[in-house]
Amino acid sequence: MAGFVAVHTGAGNCIDETKYQRVIKEACIRATDILRNGGSAVDACEAAIIRLENCGYTNAGYGSNLCMDGSVQCDAAIMNGSTLNFGACTNVSKVKNPIQLARQICEAQSNPQLLERIPPMVLAGTGAERYADEVGCSMVADSSLMISSKAKFQFNHYKSKYDLVVGSRNNKAASEEPVPVPEASNEVELAASLDTVGAVCVDGAGNTAAGCSSGGILLKVPGRVGQAATYGAGCWATDTDDLAIATCTTGNGEYLMKTLLAREICNGAFTSDCAVTSLHKTFTQKFLDSPLLPQQQDLYAGALTLLYYPKQSSGEVMWSHTTQSFCVGYMATTQKVPKFVHSPLPTYSVPGRSCVVNGHNFHLRI
C-alpha cells in the first residue's frame, strides 16, 4: 500500500534543530509502516503525533508547557478528509496521548446515538477525561506524570522572570521614588512559539487526514483553549475527486483562531493553480494583513500542508511560516528513510512580518 506523511514540531526560533530531527524521523517511520500495512491516513496521522507527544521535549502530551499555576492542560484535534469528521479535546491533564482521545471523538461522529442525540465534536476537562477512560484511551494516575523535566525547568525559569517584572511594577506603583522596572523580555514568546506539533497524511486510497496536539503557550491562564482544539484553526482536511488537501498550523493560538487559518489555507488551495502562490497569498491576506489582528504586533504562524491530486497520483507537501524557523519532516512509503528539513526565514525577512513558503513534490504508486 502507498501513502505519504509529513510532520512538524512547531514554528518558532529553533536554536538546536538536532534535538527534533530524531523524533521527527521516528514519527515519519512509524506512520509509513502503518500505511504500508494497509492502515488509513487517520491511523498514520494519529500514530505520528503520538510519537511526537511522547518524546518529552515537544510542547505536546508529555512535556507540554505549564500553565501559570504550574498545572498541565493539553489540547488536540484530528480531521478526516474523506468524511469531514472532526474531533478535539481541550484542557485534559490525565490523558497520556490527547490525540488518541481526539481521534476517538472524531470517529464517534459517524456513530448514531440514542434519542437522536448529536455526538460531541469537542470535549473539555474532566468530562473529556471520563470519556477517554470509557473508550479505552491510555490514562495517567496523576497529572504530574505528564510534566517533563524540560517543561518544569522552563516554567521555573520564565515564571521567576514574570514574577520579577510584576513585583517591580507593584513596588513602583506603591513608591513615590522611581524604581527601575525590568523590561518584559520577548524570550518567553520565542520559547513558547515552538508549540503545536502536527501531522498531515494521505493513504493509498487518496484519503487525507490532519491532526495537531499542544500544551498551549507557556504560562497560559488555566482553562485557556488553544487553536489545537479549535475547529478550522488548528487543522483541516478535505478530499475531492480533483484535489485532496490537509493542513495543520502552529504559532500564536489566539491569532490562528481569529483567522481560522487552517480552513483558509485549504479554501485558498481550491481556487488556485499554484500551491506556493496560494499559501503565500493566504498567509499575507488572511493572516499578516488581516483586519482581525493587531497590526502593531509581530504575528507568528506556521503551517504544514499536503496537497494530493488523485488523478495524477501525485502531490506536494508545503511548509510556510512567519517565524524565524520551522522544523518539518516527510516520508513516502516508497522511501527508505525520511527527510528532515530545518526551514529558516530568509535573512532579509522580518519575523512576524513576512512569510516564506517552500515544499517538495511526491508521487504515490497506487
# chains A, B, ... in the order shown; residues from 1 in each chain; ligands from 1
$ residues_around --residues "segment 97-99 of chain A" --least-positions-apart "3" --cutoff "10 Å" --atoms "only C-alpha atoms" --output "ChimeraX atom specification"
/A:45-54,60-62,73-78,87-94,102-105,128-129,132,137-140,146,198,211-215
$ select_by_dssp --residues "segment 291-336 of chain A" --states "strand (DSSP E or B)" --output "list in words"
Ala301, Gly302, Ala303, Leu304, Thr305, Leu306, Leu307, Tyr308, Tyr309, Ser314, Gly315, Glu316, Val317, Met318, Trp319, Ser320, His321, Ser325, Phe326, Cys327, Val328, Gly329, Tyr330, Met331 and Ala332 of chain A
$ write_last_selection --atoms "C-alpha atoms" --output "tab-separated table (two decimals), in the first residue's frame"
chain	number	residue	atom	x	y	z
A	301	ALA	CA	2.33	31.32	12.45
A	302	GLY	CA	3.38	28.23	10.56
A	303	ALA	CA	1.54	25.62	8.53
A	304	LEU	CA	2.35	22.21	7.12
A	305	THR	CA	0.15	21.49	4.11
A	306	LEU	CA	-0.32	18.42	1.94
A	307	LEU	CA	-1.96	18.65	-1.48
A	308	TYR	CA	-2.75	15.43	-3.34
A	309	TYR	CA	-4.04	15.17	-6.92
A	314	SER	CA	0.98	12.86	-7.16
A	315	GLY	CA	1.11	15.67	-4.70
A	316	GLU	CA	3.03	18.37	-2.88
A	317	VAL	CA	3.97	18.91	0.74
A	318	MET	CA	4.42	22.58	1.62
A	319	TRP	CA	5.74	24.32	4.71
A	320	SER	CA	5.11	28.01	5.30
A	321	HIS	CA	5.89	30.21	8.28
A	325	SER	CA	12.39	28.77	11.68
A	326	PHE	CA	10.25	25.67	11.22
A	327	CYS	CA	11.29	22.02	11.68
A	328	VAL	CA	9.46	19.50	9.48
A	329	GLY	CA	9.92	16.02	8.11
A	330	TYR	CA	8.25	13.89	5.46
A	331	MET	CA	8.32	10.39	4.03
A	332	ALA	CA	6.59	8.38	1.32
$ residues_around --residues "Cys106 of chain A" --least-positions-apart "2" --cutoff "10 Å" --atoms "only C-alpha atoms" --output "list in words"
Val42, Ala77, Ile78, Met79, Asn80, Thr83, Leu84, Asn85, Phe86, Gly87, Ala88, Gln100, Leu101, Ala102, Arg103, Gln104, Ala108, Gln109, Ser110, Asn111, Pro119, Pro120, Met121 and Val122 of chain A
$ closest_residue --among "A:Ile265, A:Val337, A:Ala237, A:Cys355" --to "Leu288 of chain A" --atoms "only C-alpha atoms"
A:Cys355
$ residues_around --residues "Leu243 of chain A" --least-positions-apart "4" --cutoff "12 Å" --atoms "only C-alpha atoms" --output "ChimeraX atom specification"
/A:81-82,202,206-208,237-239,266-267,269-273,275,306-316
$ atom_distance --atom1 "atom CA of Ser354 of chain A" --atom2 "atom CA of Thr284 of chain A"
7.7 Å
$ atom_distance --atom1 "atom CA of Gly63 of chain A" --atom2 "atom CA of Lys150 of chain A"
6.8 Å
$ closest_residue --among "A:Thr347, A:Asn171, A:Gln227, A:Thr277" --to "Thr323 of chain A" --atoms "only C-alpha atoms"
A:Thr347
$ residues_around --residues "Gln335 of chain A" --least-positions-apart "5" --cutoff "12 Å" --atoms "only C-alpha atoms" --output "JSON, numbers by chain"
{"A": [2, 3, 4, 5, 28, 29, 32, 33, 36, 330, 362, 363, 364, 365]}
$ write_last_selection --atoms "N, CA, C and O atoms" --output "PDB file, in the first residue's frame"
ATOM      1  N   ALA A   2       0.361   2.286  -0.650  1.00  0.00           N
ATOM      2  CA  ALA A   2       1.116   3.527  -0.781  1.00  0.00           C
ATOM      3  C   ALA A   2       0.611   4.562   0.216  1.00  0.00           C
ATOM      4  O   ALA A   2      -0.456   4.420   0.820  1.00  0.00           O
ATOM      5  N   GLY A   3       1.399   5.628   0.372  1.00  0.00           N
ATOM      6  CA  GLY A   3       0.992   6.712   1.243  1.00  0.00           C
ATOM      7  C   GLY A   3       2.124   7.684   1.467  1.00  0.00           C
ATOM      8  O   GLY A   3       3.275   7.447   1.069  1.00  0.00           O
ATOM      9  N   PHE A   4       1.792   8.792   2.110  1.00  0.00           N
ATOM     10  CA  PHE A   4       2.773   9.849   2.362  1.00  0.00           C
ATOM     11  C   PHE A   4       2.395  10.546   3.659  1.00  0.00           C
ATOM     12  O   PHE A   4       1.213  10.785   3.927  1.00  0.00           O
ATOM     13  N   VAL A   5       3.395  10.903   4.455  1.00  0.00           N
ATOM     14  CA  VAL A   5       3.159  11.594   5.723  1.00  0.00           C
ATOM     15  C   VAL A   5       4.165  12.718   5.891  1.00  0.00           C
ATOM     16  O   VAL A   5       5.303  12.626   5.410  1.00  0.00           O
ATOM     17  N   CYS A  28       7.765   9.834  11.307  1.00  0.00           N
ATOM     18  CA  CYS A  28       7.519   9.526   9.893  1.00  0.00           C
ATOM     19  C   CYS A  28       7.605   8.031   9.630  1.00  0.00           C
ATOM     20  O   CYS A  28       6.779   7.462   8.899  1.00  0.00           O
ATOM     21  N   ILE A  29       8.595   7.374  10.203  1.00  0.00           N
ATOM     22  CA  ILE A  29       8.769   5.927  10.004  1.00  0.00           C
ATOM     23  C   ILE A  29       7.585   5.167  10.584  1.00  0.00           C
ATOM     24  O   ILE A  29       7.065   4.230   9.967  1.00  0.00           O
ATOM     25  N   THR A  32       4.549   5.671   8.191  1.00  0.00           N
ATOM     26  CA  THR A  32       4.649   4.975   6.897  1.00  0.00           C
ATOM     27  C   THR A  32       4.569   3.460   7.068  1.00  0.00           C
ATOM     28  O   THR A  32       4.064   2.762   6.185  1.00  0.00           O
ATOM     29  N   ASP A  33       5.041   2.934   8.188  1.00  0.00           N
ATOM     30  CA  ASP A  33       4.882   1.500   8.450  1.00  0.00           C
ATOM     31  C   ASP A  33       3.403   1.135   8.501  1.00  0.00           C
ATOM     32  O   ASP A  33       2.988   0.089   7.977  1.00  0.00           O
ATOM     33  N   ARG A  36       2.027   1.224   4.911  1.00  0.00           N
ATOM     34  CA  ARG A  36       2.463   0.064   4.127  1.00  0.00           C
ATOM     35  C   ARG A  36       1.650  -1.178   4.466  1.00  0.00           C
ATOM     36  O   ARG A  36       1.473  -2.065   3.631  1.00  0.00           O
ATOM     37  N   TYR A 330       9.242  14.562   6.289  1.00  0.00           N
ATOM     38  CA  TYR A 330       8.249  13.889   5.459  1.00  0.00           C
ATOM     39  C   TYR A 330       8.812  12.582   4.927  1.00  0.00           C
ATOM     40  O   TYR A 330      10.034  12.368   4.871  1.00  0.00           O
ATOM     41  N   PHE A 362       5.790  14.837  -4.478  1.00  0.00           N
ATOM     42  CA  PHE A 362       5.869  13.400  -4.231  1.00  0.00           C
ATOM     43  C   PHE A 362       4.897  12.673  -5.161  1.00  0.00           C
ATOM     44  O   PHE A 362       3.993  13.266  -5.751  1.00  0.00           O
ATOM     45  N   HIS A 363       5.105  11.370  -5.305  1.00  0.00           N
ATOM     46  CA  HIS A 363       4.266  10.548  -6.180  1.00  0.00           C
ATOM     47  C   HIS A 363       3.909   9.259  -5.461  1.00  0.00           C
ATOM     48  O   HIS A 363       4.766   8.654  -4.829  1.00  0.00           O
ATOM     49  N   LEU A 364       2.659   8.863  -5.536  1.00  0.00           N
ATOM     50  CA  LEU A 364       2.212   7.611  -4.943  1.00  0.00           C
ATOM     51  C   LEU A 364       2.017   6.568  -6.030  1.00  0.00           C
ATOM     52  O   LEU A 364       1.396   6.840  -7.061  1.00  0.00           O
ATOM     53  N   ARG A 365       2.560   5.393  -5.785  1.00  0.00           N
ATOM     54  CA  ARG A 365       2.371   4.272  -6.714  1.00  0.00           C
ATOM     55  C   ARG A 365       1.205   3.442  -6.239  1.00  0.00           C
ATOM     56  O   ARG A 365       1.340   2.605  -5.343  1.00  0.00           O
TER      57      ARG A 365
END
$ closest_residue --among "A:Asp203, A:Asp69, A:Asp298, A:Asp133" --to "Gly39 of chain A" --atoms "only C-alpha atoms"
A:Asp203
$ closest_residue --among "A:Thr249, A:Ser64, A:Thr126, A:Ser168" --to "Phe153 of chain A" --atoms "only C-alpha atoms"
A:Ser64
$ closest_residue --among "A:Gly127, A:Glu116, A:Met1, A:Gly352" --to "Gly38 of chain A" --atoms "only C-alpha atoms"
A:Met1
$ atom_distance --atom1 "atom CA of Gln297 of chain A" --atom2 "atom CA of Leu260 of chain A"
18.5 Å
